[in-house]
Amino acid sequence: MQSMSKMVFRRLMLRKGVALLLALVFVVSTVGLYIAFVNVTTDLPTADRQLQPAEDVSKSSYPPDLPPTTATFPQTREEEHASTFETSLSASPARRGSLANSTADECVFSSAQPKSPADIEMTRLFDTLPFDNPDGGVWKQGYDITYKMASFDEHPLEVFIVPHSHNDPGWLKTFEDYYTSQTRSILTLITDALAANSKRRFIWAEISYLDLWWQEQGSSRRDQFRKLIENGQMEIVTGGWVMTDEANSYYYAMIDQLIEGHSWIKQNLPGVTPHSGWSIDPFGYNPTLAYILGETGMHNMVIQRVHYAIKKHLAINKALEFGWRQLWDHSKTTDIFCHLMPFYSYDIPHTCGPDPKICCQFDFKRIDGNPDCPWGVRPEAITDGNVVHKAEMLADQYRKKAQLFRTNVLLVPLGDDFRYDNQREVNDQYTNYERLIGYINSHPEMKMKVQFGTLTEFFKALRKHTGTTEHQIPAGFPIFSGDFFTYCDREMDYWSGYYTSRPFHKRMDRVLETNLRVAEVLYSVAVAKKVPVDPSTPVQLTKARRNLALFQHHDGITGTAKNHVVMDYTQRLTYSITAMKKAAASSAQSLLLAPRHNPGSLIFDIEEIFPAADSLPQKIVIDIGATGRTVVIFNSLPHSRHQVVLLRVNSHKVLVKDAVGILVPCQLSPVWSKENTISSEEFEVVFVASLGALGFATYQLVPADKGAPPASVELINHSTLSAVFQTQAHVGGDITLTTSHLTASFSPDKGLLQHVEIQDLWVDISADLVMYQSKHSGNEKSGAYLFLPEGEAHSIVQGQKPAVMVTKGALMQEVCTVFSVITHCVQVFESPGVEGKSLGITNTVDIRQEMDKELAMRFATSVHNMEGVYYTDLNGFQLVRRRTVSKLPLQGNVYPMPSAALLQDRSVRITLFTAQPLGVSSLKQGWLEVMLDRRLSQDDSRGLGQGVTDNLYTREMFKLLVEERKHKTAQPSDLTATLAYPSLLGHHTSDVLLHPLQTLVVKPSHVGLPLFHTHSLLTSPFPCDLHLVNLRSITDSDPPTNAAMILHRRGFDCGYETEPLTCSLEGGKLSLSNIFSDFSVTKAVSTSLSLLHEYEPLPTLSLHVPPMEVQTYKLSW
């Protein structure tokens, strides 16, 4: 019932907040912008140290608190992995969201800053913190802690020791290798240890490993495990498939891995729900995951890896426990209670108190010196002869640690990476602590009660101490907003390298996301329509979900694993990308063919394939033949699209017709070889496809004596001949690409962008390609985690005479420049869709001949961004304020860019959208700089034990959108606020990158089949600001009878034009009645984000999503 109270409370608060916002509509100037907007018409159709065993290796460098004489000792890797599960037999909680009415809240919401600002706002804190690092004594990065025993008179210290084991699903070993060598034993030994003593506790986080173990267990062992959870001895925390990275992951994948874990729990551990998040090893944190956890029904979370200067500041102010609120929260309903571990690491030497030399003596795995304590004093078994002394030592650390918090309820994690994997360690840890606990608790003069505990028990005791209920932030605690990037664990060692490490694989992540989502949507609709589907699809969907989820692990998508582990991830990704393309094609076939015409075997060729796990995807060459070919294109977005399609064909004598035989304007473009010659066997046919919401469209590629008009080709510093394309040397001044919307100018010698003109607005955007030399002297070096440059970057353009190829046609124009390590191409499109408003950028990167270098793309613009403020996104979910801080080193001013970064002033906004996560900075006013790839021979002493030298030929894609502000009266505070929103056009531009059109080529033997040529799966498009995150089948029956519809109402800035969007705004409302064209929704139930809790059904099948919220509905048909 406490969970219910929290959700109901949030619903009421959101209603009040929305009502206040609506009242403001009449007095806020942006209402005029809104009215103008909603009049839009309806939508249309090498290692540098010895490694220890895995459990003793640390991702952190040698701790700053190590004595100088031991600086060469390896140190434990300091992690915990947990998040709380608790048996819940109470009624399901209610959604934190609201069904409140809203008609005109979009612009008011985005233009108004929250009325209740946080007590601590991170971007402002960065402005005031000195970021110095004086020696703090035993707590090197902190300060000397003292206490008075009298402070425990009224409330004795209540200590919860929480045993845990952090199990990485891949890092130095592969996922399966870790399981067979360590994790299997951990789960078995802990289950036996807890069963032997009811006072023992343990928390577990990684469902991916629990699933492997569960498959091997019989019914009695499974029952034993369930009983431990029911007894409150075992708590499964967070419940995600992995402990997700928070810098590079996209919010779709973060949610999906959580759904996968929670679905497993629901199936195998009925009645168990997570109440706390446990995220102790990701290298920095952001509010997106805090929001997601709250939306699944969790009330608490624990984090660890935060900049040491920030930790110290929060400790001084007793603000290490706080309510974490979203920056965009107008109604104080997104708060989740967060505990930040105060010291250097989550390993045992850094969790009992401020002195690691003492705390290490209470890590009883180290009794035999394997691993040893780097501070020179090993633990001793607790006996009657030493228990008094040892208990006093430990209690003193507990009391000192307690001085950093606001209550006398203390959390003390007890674990590390892959701990408790042998019987001796299990016995030594539990039995020695039991002797210490027994002594302390039997001596009241110590004013302390110590017990093994779970996170739920800790947070429950803390709330009891403060007199607050489960759904509330405990009384007297501060509210925090913002994120915790970029993480620094010591000195100037900023963890900004992993934002870019292994970009090939980061791109593969997004490719799998796209293809999985498409397969999910098409399969769900096909099942609901009750048409025959491929029986292997559910199994393949589950594999793909889990392979994507596994890669979200904070050593997966981060690019921070051993080479062979990276290859294991890559093979999983490649397998599932291919499987999802086939699954989507199969479901599409079932939807487009009447059952009597469906031959069963797949009638489609997949237009883009991965020939190998470590190679770029390749487009198939479509053989036009004598009779032509049919292609089917699918739009996976719930809005109509007009978008340029590029198909590779084997003949230049080709035209394009639509489904009814009408010629479609098209263009023939050259295909360039690696030698920069024009192919005489392959060509690219270009045309604009028009598709409805979740729509299919069919086009014919037909042979013709006079084919599509060929593009012209201009060359600089290069020559090549072609029988089809007219080639000539470029003469004159700047290279210009012009469409009906924009003109882009390029330097005539280097072929790099210089200016963009939209309407009457001229914007300088000078592109450059720069290289950083990695620091390679001393102990501090760039590696997979760290970015440590040897000064500023230098341009690689100077001194080169690159080959420049300019292609100009009626629909697409392109400038490609070939440098030694990168081919840089910029495209513009003549399209009635959003693609026509932006520049496309494709970089094909190959730095395999370089070493200890880091490549970046820089744009120096004329944008006068005030105070150097710019914005980067967090997981594709929200934008947060950034500013280059002079007191930080260069590497400390690099931030993650999962999908976008922008600069703005009173006249113009420039947004760079990316199809893959990378690092970004703005080192000078008007600059945006994106890291592209890094090749490093060195290990950065964070445990990996190698550099990053397995670079691959990598393709990266971007969209550059220049927008003129409609009204030039924006106040400085509006341009430097703590958060920003993309424009609606910006959101839809990002969709072009992240949700590309899917093309299926009908095999020659099936050209005559009667396909439904133009078909939309929706009867009407969704509102412009409502995004279909997923339509995910719920495979609890065969065939499935339910699907989860996940919706995100995007916040957007109304200060920019929306043309050419033709969708409408409906105040977050959507009616599910007859929304699908092929079936009817008979029931819709609102649920928690991960589907663990079911709330109220929608009586009229109508729903409302407040701005920025993500909501899940369980649909039945």
# chains A, B, ... in the order shown; residues from 1 in each chain; ligands from 1
$ residues_around --residues "A:Phe829" --least-positions-apart "5" --cutoff "6 Å" --atoms "only C-alpha atoms" --output "list in words"
Leu811, Met812 and Gly836 of chain A
$ residues_around --residues "stretch 1087-1099 of chain A" --least-positions-apart "4" --cutoff "9 Å" --atoms "only C-alpha atoms" --output "PyMOL selection string"
chain A and resi 92-96+255-256+258-263+265-266+273+292-297+1044+1046+1083+1103+1110-1114
$ closest_residue --among "A:Leu761, A:Val702, A:Leu1009, A:Ile633" --to "A:Leu663" --atoms "only C-alpha atoms"
A:Val702
$ closest_atom_pairs --of "stretch 838-899 of chain A" --to "stretch 478-493 of chain A" --cutoff "8 Å" --atoms "only C-alpha atoms" --output "Markdown table"
| residue | atom | partner | partner_atom | distance |
| --- | --- | --- | --- | --- |
| A:Val880 | CA | A:Gly482 | CA | 7.6 |
| A:Pro889 | CA | A:Met492 | CA | 7.1 |
| A:Gly892 | CA | A:Thr486 | CA | 6.3 |
| A:Asn893 | CA | A:Thr486 | CA | 7.7 |
| A:Val894 | CA | A:Thr486 | CA | 7.2 |
| A:Tyr895 | CA | A:Thr486 | CA | 6.3 |
$ residues_around --residues "stretch 542-548 of chain A" --least-positions-apart "5" --cutoff "9 Å" --atoms "only C-alpha atoms" --output "PyMOL selection string"
chain A and resi 208+241+253+256-257+260+509+512-513+516+537+569+572-573+575-577+579-580
$ closest_atom_pairs --of "stretch 786-822 of chain A" --to "stretch 912-933 of chain A" --cutoff "12 Å" --atoms "only C-alpha atoms" --output "JSON lines"
{"residue": "A:Leu786", "atom": "CA", "partner": "A:Gly919", "partner_atom": "CA", "distance": 11.8}
{"residue": "A:Phe787", "atom": "CA", "partner": "A:Gly919", "partner_atom": "CA", "distance": 10.1}
{"residue": "A:Glu792", "atom": "CA", "partner": "A:Leu923", "partner_atom": "CA", "distance": 10.1}
{"residue": "A:Ala793", "atom": "CA", "partner": "A:Glu929", "partner_atom": "CA", "distance": 10.7}
{"residue": "A:Val821", "atom": "CA", "partner": "A:Asp933", "partner_atom": "CA", "distance": 10.3}
{"residue": "A:Ile822", "atom": "CA", "partner": "A:Leu932", "partner_atom": "CA", "distance": 9.8}
$ write_last_selection --atoms "all heavy atoms" --output "mmCIF file, in the first residue's frame"
data_model
loop_
_atom_site.group_PDB
_atom_site.id
_atom_site.type_symbol
_atom_site.label_atom_id
_atom_site.label_comp_id
_atom_site.auth_asym_id
_atom_site.auth_seq_id
_atom_site.Cartn_x
_atom_site.Cartn_y
_atom_site.Cartn_z
ATOM 1 N N LEU A 786 40.177 6.610 -19.789
ATOM 2 C CA LEU A 786 40.618 7.988 -19.606
ATOM 3 C C LEU A 786 40.950 8.662 -20.927
ATOM 4 O O LEU A 786 41.517 8.041 -21.835
ATOM 5 C CB LEU A 786 41.860 8.043 -18.712
ATOM 6 C CG LEU A 786 41.795 7.402 -17.330
ATOM 7 C CD1 LEU A 786 43.104 7.661 -16.583
ATOM 8 C CD2 LEU A 786 40.611 7.921 -16.529
ATOM 9 N N PHE A 787 40.619 9.932 -21.016
ATOM 10 C CA PHE A 787 41.095 10.796 -22.082
ATOM 11 C C PHE A 787 42.087 11.766 -21.464
ATOM 12 O O PHE A 787 41.721 12.611 -20.647
ATOM 13 C CB PHE A 787 39.911 11.552 -22.705
ATOM 14 C CG PHE A 787 40.300 12.611 -23.709
ATOM 15 C CD1 PHE A 787 41.261 12.369 -24.682
ATOM 16 C CD2 PHE A 787 39.669 13.849 -23.695
ATOM 17 C CE1 PHE A 787 41.601 13.346 -25.612
ATOM 18 C CE2 PHE A 787 39.993 14.832 -24.627
ATOM 19 C CZ PHE A 787 40.969 14.580 -25.588
ATOM 20 N N GLU A 792 46.536 20.694 -26.725
ATOM 21 C CA GLU A 792 45.427 20.898 -27.633
ATOM 22 C C GLU A 792 45.604 20.092 -28.917
ATOM 23 O O GLU A 792 46.700 19.641 -29.247
ATOM 24 C CB GLU A 792 45.289 22.387 -27.954
ATOM 25 C CG GLU A 792 44.959 23.241 -26.733
ATOM 26 C CD GLU A 792 44.776 24.694 -27.091
ATOM 27 O OE1 GLU A 792 44.957 25.050 -28.284
ATOM 28 O OE2 GLU A 792 44.455 25.490 -26.179
ATOM 29 N N ALA A 793 44.511 19.947 -29.640
ATOM 30 C CA ALA A 793 44.545 19.214 -30.906
ATOM 31 C C ALA A 793 45.143 20.066 -32.019
ATOM 32 O O ALA A 793 45.132 21.293 -31.963
ATOM 33 C CB ALA A 793 43.130 18.791 -31.276
ATOM 34 N N VAL A 821 43.085 9.717 -42.877
ATOM 35 C CA VAL A 821 42.466 8.835 -41.890
ATOM 36 C C VAL A 821 40.949 8.901 -41.912
ATOM 37 O O VAL A 821 40.291 8.216 -41.132
ATOM 38 C CB VAL A 821 42.960 9.171 -40.458
ATOM 39 C CG1 VAL A 821 44.445 8.881 -40.329
ATOM 40 C CG2 VAL A 821 42.639 10.612 -40.085
ATOM 41 N N ILE A 822 40.388 9.709 -42.815
ATOM 42 C CA ILE A 822 38.945 9.881 -42.800
ATOM 43 C C ILE A 822 38.448 10.364 -44.153
ATOM 44 O O ILE A 822 39.097 11.187 -44.806
ATOM 45 C CB ILE A 822 38.523 10.882 -41.691
ATOM 46 C CG1 ILE A 822 36.992 11.047 -41.637
ATOM 47 C CG2 ILE A 822 39.212 12.218 -41.850
ATOM 48 C CD1 ILE A 822 36.525 11.891 -40.455
#
$ atom_distance --atom1 "atom CA of A:Asp168" --atom2 "atom CA of A:Asp281"
9.4 Å
$ select_by_dssp --residues "stretch 576-703 of chain A" --states "helix (DSSP H, G or I)" --output "PyMOL selection string"
chain A and resi 576-592+595-597
$ residues_around --residues "A:Arg510" --least-positions-apart "3" --cutoff "12 Å" --atoms "only C-alpha atoms" --output "PyMOL selection string"
chain A and resi 248-253+503-507+513-517+548+551-552+557+573-574+577+875-876+898-899+914-917+956-957+991+993-996
$ closest_residue --among "A:Asn432, A:Asn441, A:Asn1074, A:Ser838" --to "A:Asp363" --atoms "only C-alpha atoms"
A:Asn432
$ residues_around --residues "A:Arg201" --least-positions-apart "6" --cutoff "9 Å" --atoms "only C-alpha atoms" --output "PyMOL selection string"
chain A and resi 161-164+194+232-235+452-454
$ closest_residue --among "A:Ala784, A:Ala112, A:Ala290, A:Leu647" --to "A:Gly556" --atoms "only C-alpha atoms"
A:Ala784
$ residues_around --residues "A:Glu850" --least-positions-apart "6" --cutoff "12 Å" --atoms "only C-alpha atoms" --output "JSON, numbers by chain"
{"A": [771, 772, 773, 774, 820, 821, 822, 933, 934, 935, 936, 937, 948, 949, 950, 951]}
